[in-house]
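Engineer: Supplied in structure tokens, the structure appears directly below.
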Amino acid sequence: MRELMNRIGQVWAQRPRWQRALLLAGVLVMIGASAIYAWLWHDLPSIDDLEAGLALPSTRIYDRNGRLLYQIADPQTGVNQVIALDELPAWLAQATLATEDANFYRHPGVDLEGIARALWINLRGGEVVAGGSTITQQVARNLLMDPDQRAERTLQRKLRESVLALKLTARYSRDEILALYLNQTYYGNMAYGVEAAARAYFGKHAAELSLAESAMLAGLPQAPSRYDPLTNPVAAKARQRVVLDLMARHGYITQAEADRAYSETLQYAAVPYPIEAPHFVAAVWTQLQRRFPQALYEGGLEVITTLDLDWQNAAQDAVRRHLDWLNNPPAGVPPHNARNAGVVALDPHTGHILAMVGSPDYFDERIDGAVNAALAPRQPGSALKPFTYAAAFDPQRDNPWTPATMILDVRTPFVTRRLESYTPANFGLVEHGPVLVREALASSYNIPAVVALDHIGVDSLIHLLMRLGITTLTDPGRYDLSLTLGGGEVRLLDLVVAYGALANGGYRVEPVYLLSVRARDGTVLYEWAPPAPADPVIDPRVAFLITDILSDNEARIPSFGPASPLNIGRPAAAKTGTTTDYRDNWTVGYTPNLVVGVWVGNADNTPMVEVSGISGAGPIWHEVMRRVLIGQPRLAFAVPDGLVRAEVCATSGLLPTEYCPKTRWEWFIEGTVPTQPDTLHRPFVIDRRTGLLADERTPLSERVERVYLVLPPEAQDWARRHGLPQPPVDVHVLAGDEAPVRLLAPDPYTVYRLTPLVPAETQRIRLRIAVPAGAQRVVYRIDGEPVAAVESAPFDAWWVLEPGEHTLTAGVTLDDGRVLEAGPVPFRVGAWVPPDERAMSEVIR
């Protein structure tokens, strides 16, 4: 090796000096070139990686007709939607070229004049402080370099960017590169590309941009936050002026056109990301997150929903207009303090949600507008009554009820599961005496509904509601007889779904938000298909009976009058609901092909002022139904097989007799037509002279037959209060042998409290009993000890209150010697507690 080195040294020394210098320079050039090559080309991104740098297309949510509802923004990459260059207005591209790269179509991807100017400035400053990047260079930087490389401000990055620009120009046409720039550049507010920017700033498509709007957007890429017109309008306007002047300088427009565009007042989007049906979109978003968590942000999903945007806008308009009327009523009427409302429209056969309004204004924080009233649990008032009666109509039950079943709408005490006395009252504290189920349900009487629930059992109603899609009654032990009057919480959507089963003949409805979901390459990820046929939850005949009642305008006249908002000019069934203190009111109704539910109230649960279901939610329901059904055929509710019609007495619901003053025809499930003649209207022969019953001493000429309405003992007080003529014989005698023995007063589990303010002997309660014909004697017992014996009708007695827990029983002796027992009825008498101590005991308890 030493000899070889010596030989090389001898050869080198023998060469002329100029050769040695030339050879050394060549070696240095090669080393420098290698170094420069490594400096510029080492780890230089490949043009083939261009697609990996593209902003991912955003997930877009559309209505059922393909109209955009919302474009979901990835928190990391923002919003993006690619649009073809030939679909953009010419001045958008021209404004971009004039501002960013006037020589774009003439240079090879690098503007040497610009580079030289930037080099001179940057060499003096020690770092890159001046630009000079062409559009092609910006595309290379943004799509091929990683974020750290893009952030560098060095000569190396600038030169590497130029190399990539030259490669891009060699592979792509100028139009393709310009399209990449316009579709991938960041314009601020999470918007990547001009389509996303147009929607973010102006709430429109890029193809619809004016010259002034195009100039505003073209000025953003250099400093999106500094020139943001939504937050810095003065700087943005100045930047727009620069862009328009550059367009005029390069001949794209005249100076006059530039001046006119600059003076144009721009209308910006109300929010950075325009959104239609925001509450519905939020619900859809939740479903997409559950089903497609990764693709939601990274895959650019195309989501077609069930919503009809026209229907949605009609419902939204109706909500805003009616709430405005409620809160700004005519002079002399106080405001009703109703700030929120929700609407759901649903196809009862497919479950498609066609409209969902969650509040009058999603973005109004003063009313908690972002709370979705369609999904928030609220008390439904009377809106659950139809399902109470549907359970009572079930033909699988023993002795099922019918629309002609008679209920006494009079004060009726009940015992709850908690062994507490519960006495419901009707709206307005009005009682109606004997009513048929048809009128009781259509006019929404409370007492008959509780009678019905007591008859079927609370668990039966809860089971039915859960099978129909009510999701909030998860703890059956919490609920009691008040459930049918709204003593539980339901969601508007669930309630609409449950009513859908009444509309479609008894079948459960599954709410549907999505029609299809496709990946960005067109792959179908989800497509809705009708579910497999299932057995009905409600007997179709029962569903028809409830529907027929809820669509009977005559039957609801006693409560709502003949021209209520529940009439929409076509067959429609509807039910209202109003809760205590007017905190919630509802109207849910349907035609054969549409169910619409409306809730009105306040998201913070503050009460409204004198607003019921018929006056609050009813008009909104009426308007929505009429608007969305315009042009559609009037459909009648189909009558299923297995129903018959029969004539009944309008008061008792039994078969009419010659004494029944009014009859009506009613629908019945086969096998449930009454077989017993009417027993309420009875004839009596009266002695005209005395007004008493005629006897053997009454001459024929003084005898007259009169028909009386004879009600059971528990309805006698109601009859007297309403002035109904009664026969001149005790009602207990008329009740018949089949009448039960039962204590009528006091109510079970009633709590009485003594007071020192009145004499003790005056603090007493009435003991009342219903007895059959033949009763001769009644003995009342308190805690097993006789306290009164009565031997004549009406067999009432009085008992002076004594402190303690008590039980009332009674023995009834009949004329045949039998003794019938009644009771027990528990009740409590408490000692008087001074007000201060009472308040303290409430706090301690």
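Scheme for the structure tokens: letters A, B, ... for chains in order shown; per-chain residue numbers from 1; ligand numbers from 1 in order shown.
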For A:Leu808, list every protein, DNA or RNA residue within 8 Å, evaluated using only C-alpha atoms, and leave out those in the same chain fewer than 6 positions away; present the list as a PyMOL selection string.
Structural biologist: chain A and resi 780-784+823-827
Engineer: Store the residues picked out above in a file with C-alpha atoms, as a PDB file, in the first residue's frame.
Structural biologist:
```pdb
ATOM      1  CA  TYR A 780    -120.853   1.515  61.004  1.00  0.00           C
ATOM      2  CA  ARG A 781    -117.789   0.391  62.956  1.00  0.00           C
ATOM      3  CA  ILE A 782    -114.581   2.348  63.668  1.00  0.00           C
ATOM      4  CA  ASP A 783    -111.683   0.087  64.578  1.00  0.00           C
ATOM      5  CA  GLY A 784    -114.187  -2.716  65.140  1.00  0.00           C
ATOM      6  CA  GLY A 823    -114.810  -2.153  53.936  1.00  0.00           C
ATOM      7  CA  PRO A 824    -112.304  -1.862  55.388  1.00  0.00           C
ATOM      8  CA  VAL A 825    -111.482   1.773  54.628  1.00  0.00           C
ATOM      9  CA  PRO A 826    -108.346   3.019  56.421  1.00  0.00           C
ATOM     10  CA  PHE A 827    -107.885   6.705  57.243  1.00  0.00           C
TER      11      PHE A 827
END
```
Engineer: Which of stretch 706-811 of chain A end up as alpha helix (DSSP H) when DSSP is run on this backbone - answer as a ChimeraX atom specification?
Structural biologist: /A:716-721,731-734
Engineer: Next, the residues of the selection above should be written as a short mmCIF file (atom, residue, chain, number, x, y, z; two decimals), in the first residue's frame with all heavy atoms.
Structural biologist:
```
data_model
loop_
_atom_site.label_atom_id
_atom_site.label_comp_id
_atom_site.auth_asym_id
_atom_site.auth_seq_id
_atom_site.Cartn_x
_atom_site.Cartn_y
_atom_site.Cartn_z
N GLN A 716 -125.28 10.09 42.76
CA GLN A 716 -126.46 10.83 43.19
C GLN A 716 -126.14 12.28 43.52
O GLN A 716 -126.91 13.19 43.21
CB GLN A 716 -127.08 10.14 44.40
CG GLN A 716 -127.78 8.84 44.06
CD GLN A 716 -128.88 9.05 43.03
OE1 GLN A 716 -129.82 9.83 43.25
NE2 GLN A 716 -128.76 8.38 41.90
N ASP A 717 -125.02 12.54 44.17
CA ASP A 717 -124.65 13.92 44.47
C ASP A 717 -124.52 14.72 43.18
O ASP A 717 -124.97 15.88 43.10
CB ASP A 717 -123.33 13.96 45.24
CG ASP A 717 -123.53 13.65 46.72
OD1 ASP A 717 -124.70 13.62 47.16
OD2 ASP A 717 -122.52 13.44 47.42
N TRP A 718 -123.90 14.12 42.18
CA TRP A 718 -123.75 14.82 40.89
C TRP A 718 -125.12 15.11 40.29
O TRP A 718 -125.37 16.22 39.79
CB TRP A 718 -122.92 13.97 39.92
CG TRP A 718 -122.82 14.57 38.56
CD1 TRP A 718 -121.91 15.49 38.12
CD2 TRP A 718 -123.69 14.32 37.45
NE1 TRP A 718 -122.15 15.84 36.82
CE2 TRP A 718 -123.24 15.14 36.37
CE3 TRP A 718 -124.81 13.52 37.24
CZ2 TRP A 718 -123.86 15.14 35.13
CZ3 TRP A 718 -125.43 13.52 36.00
CH2 TRP A 718 -124.96 14.34 34.95
N ALA A 719 -126.03 14.13 40.35
CA ALA A 719 -127.37 14.31 39.78
C ALA A 719 -128.11 15.44 40.47
O ALA A 719 -128.78 16.27 39.82
CB ALA A 719 -128.16 13.01 39.86
N ARG A 720 -128.01 15.50 41.79
CA ARG A 720 -128.71 16.56 42.52
C ARG A 720 -128.12 17.94 42.17
O ARG A 720 -128.86 18.90 42.00
CB ARG A 720 -128.62 16.29 44.03
CG ARG A 720 -129.57 15.21 44.53
CD ARG A 720 -129.63 15.19 46.04
NE ARG A 720 -128.38 14.69 46.61
CZ ARG A 720 -128.13 13.41 46.87
NH1 ARG A 720 -129.08 12.51 46.62
NH2 ARG A 720 -126.99 13.04 47.40
N ARG A 721 -126.78 18.01 42.10
CA ARG A 721 -126.15 19.29 41.78
C ARG A 721 -126.55 19.79 40.41
O ARG A 721 -126.61 21.00 40.17
CB ARG A 721 -124.62 19.17 41.85
CG ARG A 721 -124.07 18.99 43.25
CD ARG A 721 -122.58 19.31 43.29
NE ARG A 721 -121.82 18.61 42.28
CZ ARG A 721 -121.27 17.41 42.44
NH1 ARG A 721 -121.43 16.78 43.61
NH2 ARG A 721 -120.58 16.85 41.49
N VAL A 731 -132.93 5.67 45.88
CA VAL A 731 -132.13 5.04 44.84
C VAL A 731 -131.59 3.69 45.28
O VAL A 731 -131.33 2.81 44.47
CB VAL A 731 -130.97 5.99 44.42
CG1 VAL A 731 -129.95 6.12 45.54
CG2 VAL A 731 -130.28 5.48 43.17
N HIS A 732 -131.40 3.53 46.57
CA HIS A 732 -130.89 2.25 47.05
C HIS A 732 -131.87 1.12 46.75
O HIS A 732 -131.47 -0.01 46.49
CB HIS A 732 -130.60 2.33 48.55
CG HIS A 732 -129.54 3.33 48.89
ND1 HIS A 732 -129.81 4.67 48.99
CD2 HIS A 732 -128.22 3.19 49.15
CE1 HIS A 732 -128.70 5.32 49.31
NE2 HIS A 732 -127.72 4.44 49.42
N VAL A 733 -133.16 1.44 46.80
CA VAL A 733 -134.16 0.44 46.47
C VAL A 733 -134.12 0.10 45.00
O VAL A 733 -134.34 -1.04 44.58
CB VAL A 733 -135.56 0.95 46.87
CG1 VAL A 733 -136.64 -0.03 46.47
CG2 VAL A 733 -135.60 1.23 48.37
N LEU A 734 -133.78 1.11 44.20
CA LEU A 734 -133.77 0.91 42.75
C LEU A 734 -132.53 0.20 42.25
O LEU A 734 -132.49 -0.27 41.12
CB LEU A 734 -133.86 2.27 42.05
CG LEU A 734 -135.10 3.10 42.39
CD1 LEU A 734 -134.98 4.47 41.75
CD2 LEU A 734 -136.36 2.38 41.95
#
```
Engineer: Which is closer to A:Val648 than all the others in A:Arg768, A:Arg664, A:Arg199, A:Arg417, using only C-alpha atoms?
Structural biologist: A:Arg664
Engineer: Fewer than 5 positions away in the same chain doesn't count, so skip those; otherwise give me all residues within 9 Å of A:Leu85, counting only C-alpha atoms, as a count of residues only.
Structural biologist: 8
Engineer: Pull the closest atom pair for each residue of stretch 468-585 of chain A that gets at most 10 Å from stretch 443-456 of chain A, along with the distance in Å to one decimal, counting only C-alpha atoms, ordering rows by chain and then ascending residue number, as a Markdown table.
Structural biologist:
```
| residue | atom | partner | partner_atom | distance |
| --- | --- | --- | --- | --- |
| A:Asp480 | CA | A:Leu453 | CA | 9.3 |
| A:Leu481 | CA | A:Val450 | CA | 6.2 |
| A:Ser482 | CA | A:Val450 | CA | 7.2 |
| A:Leu483 | CA | A:Leu453 | CA | 8.6 |
| A:Thr484 | CA | A:Ala449 | CA | 6.7 |
| A:Leu485 | CA | A:Asn446 | CA | 6.8 |
| A:Ile549 | CA | A:Ser443 | CA | 9.7 |
| A:Leu550 | CA | A:Ser443 | CA | 9.0 |
| A:Asp552 | CA | A:Ser443 | CA | 9.9 |
| A:Asn553 | CA | A:Ser443 | CA | 9.4 |
| A:Glu554 | CA | A:Ser443 | CA | 9.5 |
| A:Ala555 | CA | A:Ser443 | CA | 6.6 |
| A:Arg556 | CA | A:Ser443 | CA | 4.3 |
| A:Ile557 | CA | A:Ser443 | CA | 7.1 |
| A:Pro558 | CA | A:Ser443 | CA | 6.4 |
| A:Ser559 | CA | A:Ser443 | CA | 5.1 |
| A:Phe560 | CA | A:Ser443 | CA | 7.1 |
| A:Gly561 | CA | A:Ser443 | CA | 9.6 |
| A:Lys575 | CA | A:Ser444 | CA | 8.1 |
| A:Thr576 | CA | A:Ser444 | CA | 7.9 |
| A:Gly577 | CA | A:Ser444 | CA | 8.5 |
```
Engineer: Restricting the calculation to only C-alpha atoms, which member of A:Thr675, A:Asn313, A:Ser701, A:Thr169 is positioned closest to A:Pro656?
Structural biologist: A:Thr675
Engineer: Hey, what's within 9 Å of A:Thr423 if we count only C-alpha atoms and toss same-chain stuff fewer than 3 positions away? As a list of chain:residue names, please?
Structural biologist: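 Answer for this query is A:Arg411, A:Thr412, A:Pro413, A:Phe414, A:Val415, A:Ile447, A:Asp747.
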Engineer: Within 10 Å of A:Gly811, counting only C-alpha atoms, which residues show up once you throw out same-chain ones fewer than 4 positions away? Write them as a list in words, please.
Structural biologist: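 The residues satisfying every condition are Val741, Arg777, Val778, Val779, Tyr780, Arg781, Pro786, Ala789, Arg818, Val819, Leu820, Glu821, Ala822 and Gly823 of chain A.
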